[in-house]
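Student: Provided below: entry-v5.txt, containing compact mmCIF, C-alpha atoms.
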# COMPACT_ATOMS: atom_id res chain seq x y z
CA MET A 222 20.80 -52.20 -3.96
CA ASP A 223 23.76 -49.85 -4.09
CA ALA A 224 24.43 -47.31 -6.82
CA ARG A 225 27.37 -48.01 -9.11
CA LEU A 226 28.68 -44.47 -8.69
CA ASN A 227 28.35 -41.58 -6.29
CA TYR A 228 28.37 -38.62 -8.65
CA PHE A 229 29.09 -36.25 -5.79
CA ALA A 230 32.27 -38.05 -4.69
CA SER A 231 34.28 -36.62 -7.57
CA PRO A 232 34.93 -32.86 -7.62
CA ASN A 233 34.45 -32.62 -11.40
CA SER A 234 31.27 -34.67 -11.65
CA SER A 235 29.91 -33.02 -8.51
CA LYS A 236 30.41 -29.59 -10.05
CA ALA A 237 28.79 -30.63 -13.33
CA LEU A 238 25.77 -32.15 -11.58
CA LYS A 239 25.30 -29.11 -9.36
CA HIS A 240 25.04 -26.99 -12.52
CA LEU A 241 22.63 -29.48 -14.07
CA MET A 242 20.46 -29.54 -10.94
CA SER A 243 20.42 -25.74 -10.80
CA ALA A 244 18.95 -25.81 -14.32
CA GLY A 245 16.22 -28.05 -12.94
CA LYS A 246 15.50 -25.50 -10.22
CA VAL A 247 15.17 -22.75 -12.82
CA LEU A 248 12.60 -24.87 -14.67
CA LYS A 249 10.54 -25.13 -11.47
CA GLU A 250 10.26 -21.32 -11.53
CA SER A 251 9.15 -21.20 -15.17
CA PRO A 252 5.59 -20.22 -16.15
CA LEU A 253 4.82 -23.81 -17.15
CA PRO A 254 2.21 -24.91 -14.57
CA ALA A 255 3.73 -26.87 -11.68
CA ALA A 256 1.20 -29.70 -12.04
CA THR A 257 2.09 -30.05 -15.73
CA GLN A 258 5.78 -30.13 -14.86
CA GLU A 259 5.33 -32.99 -12.38
CA LEU A 260 3.05 -34.97 -14.70
CA VAL A 261 5.53 -34.63 -17.58
CA ALA A 262 8.50 -35.50 -15.38
CA LEU A 263 6.65 -38.56 -14.12
CA ARG A 264 5.62 -39.71 -17.61
CA VAL A 265 9.11 -39.33 -19.07
CA SER A 266 10.49 -41.29 -16.11
CA GLN A 267 7.88 -44.02 -16.55
CA ILE A 268 8.78 -44.41 -20.23
CA ASN A 269 12.47 -44.64 -19.41
CA GLY A 270 11.97 -46.90 -16.40
CA CYS A 271 13.78 -44.57 -14.00
CA ALA A 272 12.60 -45.77 -10.60
CA VAL A 273 14.33 -43.04 -8.58
CA CYS A 274 12.72 -40.29 -10.69
CA ILE A 275 9.31 -41.99 -10.56
CA ASP A 276 9.68 -42.13 -6.76
CA MET A 277 10.71 -38.46 -6.59
CA HIS A 278 8.09 -37.00 -8.91
CA THR A 279 5.22 -39.06 -7.53
CA LYS A 280 6.02 -37.87 -4.01
CA GLU A 281 6.65 -34.25 -5.03
CA ALA A 282 3.39 -34.12 -7.00
CA ALA A 283 1.41 -35.65 -4.13
CA ALA A 284 2.92 -33.17 -1.68
CA ALA A 285 1.92 -30.34 -4.02
CA GLY A 286 -1.69 -31.56 -3.91
CA GLU A 287 -1.87 -33.84 -6.94
CA THR A 288 -4.51 -36.53 -6.50
CA PRO A 289 -3.69 -40.24 -6.33
CA VAL A 290 -6.14 -40.88 -9.19
CA ARG A 291 -4.30 -38.55 -11.56
CA LEU A 292 -0.88 -39.86 -10.51
CA ASN A 293 -2.02 -43.45 -11.00
CA LEU A 294 -3.43 -42.67 -14.44
CA VAL A 295 -0.41 -40.84 -15.91
CA ALA A 296 0.78 -44.06 -17.56
CA ALA A 297 -2.60 -44.43 -19.26
CA TRP A 298 -3.37 -40.75 -19.83
CA ARG A 299 -4.93 -41.33 -23.27
CA GLU A 300 -7.80 -43.31 -21.77
CA ALA A 301 -8.14 -41.17 -18.64
CA THR A 302 -10.65 -38.35 -18.31
CA VAL A 303 -8.89 -36.59 -15.43
CA PHE A 304 -6.42 -34.50 -17.45
CA THR A 305 -7.02 -31.17 -19.14
CA GLU A 306 -6.48 -30.80 -22.88
CA ALA A 307 -3.34 -28.77 -22.15
CA GLU A 308 -1.98 -31.52 -19.88
CA ARG A 309 -2.83 -34.18 -22.46
CA VAL A 310 -0.89 -32.44 -25.23
CA ALA A 311 2.04 -31.83 -22.85
CA LEU A 312 2.09 -35.56 -22.05
CA GLU A 313 1.92 -36.43 -25.74
CA LEU A 314 4.76 -34.03 -26.55
CA ALA A 315 6.76 -35.54 -23.69
CA GLU A 316 6.20 -39.05 -25.02
CA GLN A 317 7.17 -38.16 -28.58
CA GLY A 318 10.18 -36.18 -27.33
CA THR A 319 11.29 -39.12 -25.20
CA ARG A 320 10.67 -41.85 -27.74
CA VAL A 321 12.66 -40.18 -30.50
CA ALA A 322 14.02 -43.48 -31.80
CA ASP A 323 10.52 -44.96 -31.86
CA ALA A 324 8.78 -41.83 -33.13
CA ALA A 325 11.03 -41.64 -36.20
CA GLY A 326 11.08 -37.89 -36.27
CA GLY A 327 10.47 -36.74 -32.75
CA VAL A 328 7.57 -34.43 -32.00
CA SER A 329 5.10 -34.26 -34.88
CA ASP A 330 3.93 -30.97 -36.38
CA GLU A 331 0.39 -31.83 -35.27
CA VAL A 332 1.39 -32.26 -31.62
CA TRP A 333 3.52 -29.12 -31.73
CA ALA A 334 0.63 -27.09 -33.17
CA ARG A 335 -1.76 -28.40 -30.50
CA ALA A 336 0.77 -27.60 -27.77
CA ALA A 337 1.13 -24.06 -29.15
CA GLU A 338 -2.64 -23.63 -28.73
CA HIS A 339 -2.28 -24.16 -24.97
CA TYR A 340 1.17 -22.82 -24.13
CA ASP A 341 2.95 -19.61 -25.05
CA GLU A 342 6.52 -19.59 -26.33
CA GLU A 343 8.08 -19.29 -22.87
CA GLN A 344 6.01 -22.22 -21.59
CA LEU A 345 6.78 -24.30 -24.69
CA THR A 346 10.48 -23.61 -24.20
CA ALA A 347 10.23 -24.73 -20.57
CA LEU A 348 8.32 -27.86 -21.64
CA VAL A 349 10.95 -28.82 -24.23
CA ILE A 350 13.80 -28.20 -21.79
CA LEU A 351 11.96 -30.17 -19.09
CA VAL A 352 11.54 -33.19 -21.38
CA SER A 353 15.24 -33.02 -22.31
CA PHE A 354 16.27 -32.48 -18.68
CA MET A 355 14.25 -35.46 -17.49
CA ASN A 356 15.69 -37.71 -20.17
CA THR A 357 19.18 -36.68 -19.05
CA ALA A 358 18.40 -37.23 -15.36
CA ASN A 359 16.78 -40.59 -16.12
CA ARG A 360 19.84 -41.79 -18.00
CA LEU A 361 22.24 -40.65 -15.27
CA ASN A 362 20.21 -42.59 -12.70
CA ILE A 363 19.57 -45.69 -14.81
CA ILE A 364 23.18 -46.14 -15.96
CA THR A 365 24.43 -46.06 -12.38
CA GLN A 366 21.47 -47.97 -10.93
CA GLN A 367 20.50 -45.34 -8.39
CA PRO A 368 18.17 -46.99 -5.83
CA ALA A 369 14.59 -45.82 -5.39
CA GLY A 370 12.13 -45.68 -2.53
CA ASP A 371 13.83 -43.47 0.03
CA TYR A 372 13.19 -40.08 -1.55
CA GLN A 373 11.90 -37.44 0.85
CA VAL A 374 9.83 -34.51 -0.44
CA GLY A 375 12.02 -31.44 -0.93
CA GLN A 376 15.23 -33.44 -0.87
CA SER A 377 16.32 -32.31 -4.33
CA HIS A 378 15.59 -28.61 -3.76
Can I see the file as structure tokens?
Tutor:
Amino acid sequence: MDARLNYFASPNSSKALKHLMSAGKVLKESPLPAATQELVALRVSQINGCAVCIDMHTKEAAAAGETPVRLNLVAAWREATVFTEAERVALELAEQGTRVADAAGGVSDEVWARAAEHYDEEQLTALVILVSFMNTANRLNIITQQPAGDYQVGQSH
């Protein structure tokens, strides 16, 4: 499978994507726990069906020490006992923030209040930006049918 577009072939799109990707690097340095970031990125990508992002975030999380059990259970996190309460609310916020058309109102006040019990304002900001960033990245990849499977850990850094 070949991608429909090579975003880096055009000077304008290449410049725009480099700025977008640098924002992603800043998020990595945020105080939001790295494990939470990878779990959220993976869950958003699963919801959107972005194979290239699922490939990337599964491999990055595994390389960072995430267990196969937790990675395999992200899609069914509600029934899984392997996530902390903080991770669970981050995953729920990510789902509601991703399924805005389905959620008919986005992130509920209840989920926001629970998230605020586990994350400070800087972490919440990073979480919201991460969910938005992943939705953007997913759409860029899905629209152009970017192929998955060949991602190498560290490739996007």
Student: Taking into account all atoms listed in the file, which residue in the set A:Ile364, A:Met355, A:Val290, A:Ala284 is nearest to Arg264 in chain A?
Tutor: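 Ranking A:Ile364, A:Met355, A:Val290, A:Ala284 by distance to Arg264 in chain A, first place goes to A:Met355.
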Student: Excluding range 235-238 of chain A and residues on its chain fewer than 5 positions from it, collect all residues at most 12 Å away from it, counting only C-alpha atoms, and give them as a JSON list (two decimals) with C-alpha atoms, in the coordinates of the input.
Tutor:
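And here's part.json as it stands now:
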[["chain", "number", "residue", "atom", "x", "y", "z"],
["A", 226, "LEU", "CA", 28.68, -44.47, -8.69],
["A", 227, "ASN", "CA", 28.35, -41.58, -6.29],
["A", 228, "TYR", "CA", 28.37, -38.62, -8.65],
["A", 229, "PHE", "CA", 29.09, -36.25, -5.79],
["A", 230, "ALA", "CA", 32.27, -38.05, -4.69],
["A", 243, "SER", "CA", 20.42, -25.74, -10.80],
["A", 244, "ALA", "CA", 18.95, -25.81, -14.32],
["A", 245, "GLY", "CA", 16.22, -28.05, -12.94],
["A", 354, "PHE", "CA", 16.27, -32.48, -18.68],
["A", 357, "THR", "CA", 19.18, -36.68, -19.05],
["A", 358, "ALA", "CA", 18.40, -37.23, -15.36],
["A", 361, "LEU", "CA", 22.24, -40.65, -15.27],
["A", 362, "ASN", "CA", 20.21, -42.59, -12.70],
["A", 377, "SER", "CA", 16.32, -32.31, -4.33]]
Student: Taking all atoms of range 247-262 of chain A that appear in the file, build a box with edges along x, y and z, extend it by 3 Å on every side, and state its centre and edge lengths in Å to one decimal, as AutoDock Vina command-line options.
Tutor:
--center_x 8.2 --center_y -27.9 --center_z -14.5 --size_x 20.0 --size_y 21.3 --size_z 12.1
Student: With all atoms listed in the file as the counted atoms, please give the residues lying no more than 9 Å from Cys271 in chain A, apart from itself and same-chain residues fewer than 2 positions off, as a ChimeraX atom specification.
Tutor: /A:265-269,273-276,358-360,362-363,366-367,369
Student: Would you output that residue set with C-alpha atoms, as a PDB file, in the coordinates of the input?
Tutor:
ATOM      1  CA  VAL A 265       9.110 -39.330 -19.070  1.00  0.00           C
ATOM      2  CA  SER A 266      10.490 -41.290 -16.110  1.00  0.00           C
ATOM      3  CA  GLN A 267       7.880 -44.020 -16.550  1.00  0.00           C
ATOM      4  CA  ILE A 268       8.780 -44.410 -20.230  1.00  0.00           C
ATOM      5  CA  ASN A 269      12.470 -44.640 -19.410  1.00  0.00           C
ATOM      6  CA  VAL A 273      14.330 -43.040  -8.580  1.00  0.00           C
ATOM      7  CA  CYS A 274      12.720 -40.290 -10.690  1.00  0.00           C
ATOM      8  CA  ILE A 275       9.310 -41.990 -10.560  1.00  0.00           C
ATOM      9  CA  ASP A 276       9.680 -42.130  -6.760  1.00  0.00           C
ATOM     10  CA  ALA A 358      18.400 -37.230 -15.360  1.00  0.00           C
ATOM     11  CA  ASN A 359      16.780 -40.590 -16.120  1.00  0.00           C
ATOM     12  CA  ARG A 360      19.840 -41.790 -18.000  1.00  0.00           C
ATOM     13  CA  ASN A 362      20.210 -42.590 -12.700  1.00  0.00           C
ATOM     14  CA  ILE A 363      19.570 -45.690 -14.810  1.00  0.00           C
ATOM     15  CA  GLN A 366      21.470 -47.970 -10.930  1.00  0.00           C
ATOM     16  CA  GLN A 367      20.500 -45.340  -8.390  1.00  0.00           C
ATOM     17  CA  ALA A 369      14.590 -45.820  -5.390  1.00  0.00           C
TER      18      ALA A 369
END
Student: Find the residue from A:Val261, A:Met277, A:Leu241, A:Ala283 that sits nearest to Leu348 in chain A; use all atoms listed in the file when measuring.
Tutor: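 Selected residue with least distance to Leu348 in chain A: A:Val261.
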Student: Report, in Å to a single decimal, how far apart CA of Glu300 in chain A and CA of Glu316 in chain A are.
Tutor: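 Pair CA of Glu316 in chain A / CA of Glu300 in chain A returns 15.0 Å.
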Student: Using only C-alpha atoms - which residues lie no farther than 12 Å from the point (8.3, -37.5, -29.0) in the file's frame? Write them as a PDB file with C-alpha atoms, keeping the file's coordinate frame.
Tutor:
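out23.pdb was written with the following content:
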ATOM      1  CA  ARG A 264       5.620 -39.710 -17.610  1.00  0.00           C
ATOM      2  CA  VAL A 265       9.110 -39.330 -19.070  1.00  0.00           C
ATOM      3  CA  ILE A 268       8.780 -44.410 -20.230  1.00  0.00           C
ATOM      4  CA  VAL A 310      -0.890 -32.440 -25.230  1.00  0.00           C
ATOM      5  CA  ALA A 311       2.040 -31.830 -22.850  1.00  0.00           C
ATOM      6  CA  LEU A 312       2.090 -35.560 -22.050  1.00  0.00           C
ATOM      7  CA  GLU A 313       1.920 -36.430 -25.740  1.00  0.00           C
ATOM      8  CA  LEU A 314       4.760 -34.030 -26.550  1.00  0.00           C
ATOM      9  CA  ALA A 315       6.760 -35.540 -23.690  1.00  0.00           C
ATOM     10  CA  GLU A 316       6.200 -39.050 -25.020  1.00  0.00           C
ATOM     11  CA  GLN A 317       7.170 -38.160 -28.580  1.00  0.00           C
ATOM     12  CA  GLY A 318      10.180 -36.180 -27.330  1.00  0.00           C
ATOM     13  CA  THR A 319      11.290 -39.120 -25.200  1.00  0.00           C
ATOM     14  CA  ARG A 320      10.670 -41.850 -27.740  1.00  0.00           C
ATOM     15  CA  VAL A 321      12.660 -40.180 -30.500  1.00  0.00           C
ATOM     16  CA  ALA A 322      14.020 -43.480 -31.800  1.00  0.00           C
ATOM     17  CA  ASP A 323      10.520 -44.960 -31.860  1.00  0.00           C
ATOM     18  CA  ALA A 324       8.780 -41.830 -33.130  1.00  0.00           C
ATOM     19  CA  ALA A 325      11.030 -41.640 -36.200  1.00  0.00           C
ATOM     20  CA  GLY A 326      11.080 -37.890 -36.270  1.00  0.00           C
ATOM     21  CA  GLY A 327      10.470 -36.740 -32.750  1.00  0.00           C
ATOM     22  CA  VAL A 328       7.570 -34.430 -32.000  1.00  0.00           C
ATOM     23  CA  SER A 329       5.100 -34.260 -34.880  1.00  0.00           C
ATOM     24  CA  ASP A 330       3.930 -30.970 -36.380  1.00  0.00           C
ATOM     25  CA  GLU A 331       0.390 -31.830 -35.270  1.00  0.00           C
ATOM     26  CA  VAL A 332       1.390 -32.260 -31.620  1.00  0.00           C
ATOM     27  CA  TRP A 333       3.520 -29.120 -31.730  1.00  0.00           C
ATOM     28  CA  VAL A 349      10.950 -28.820 -24.230  1.00  0.00           C
ATOM     29  CA  VAL A 352      11.540 -33.190 -21.380  1.00  0.00           C
ATOM     30  CA  SER A 353      15.240 -33.020 -22.310  1.00  0.00           C
ATOM     31  CA  ASN A 356      15.690 -37.710 -20.170  1.00  0.00           C
TER      32      ASN A 356
END
Student: To one decimal in Å, tell me the separation between CA of Glu342 in chain A and CA of Leu248 in chain A.
Tutor: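 Going from CA of Glu342 in chain A over to CA of Leu248 in chain A, I get 14.2 Å.
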Student: Record the distance separating CA of Leu260 in chain A and CA of Thr279 in chain A, expressed in Å with one decimal.
Tutor: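 CA of Thr279 in chain A lies at a distance of 8.5 Å from CA of Leu260 in chain A.
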Student: Which protein, DNA or RNA residues are at most 7 Å from (-1.9, -33.4, -12.4) in the file's coordinates when you count all atoms listed in the file, listed as a list in words?
Tutor: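 Within the cut-off we find Ala256, Thr257, Leu260, Glu287, Arg291, Leu292 and Phe304 of chain A.
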Student: Next, write the just-selected residues to a file, as a compact mmCIF listing (two decimals), keeping the file's coordinate frame, keeping C-alpha atoms as the atom set.
Tutor:
# COMPACT_ATOMS: atom_id res chain seq x y z
CA ALA A 256 1.20 -29.70 -12.04
CA THR A 257 2.09 -30.05 -15.73
CA LEU A 260 3.05 -34.97 -14.70
CA GLU A 287 -1.87 -33.84 -6.94
CA ARG A 291 -4.30 -38.55 -11.56
CA LEU A 292 -0.88 -39.86 -10.51
CA PHE A 304 -6.42 -34.50 -17.45
Student: Which is closest to Gln344 in chain A among A:Met242, A:Ala272, A:Asp223, A:Pro252, if we use all atoms listed in the file?
Tutor: A:Pro252
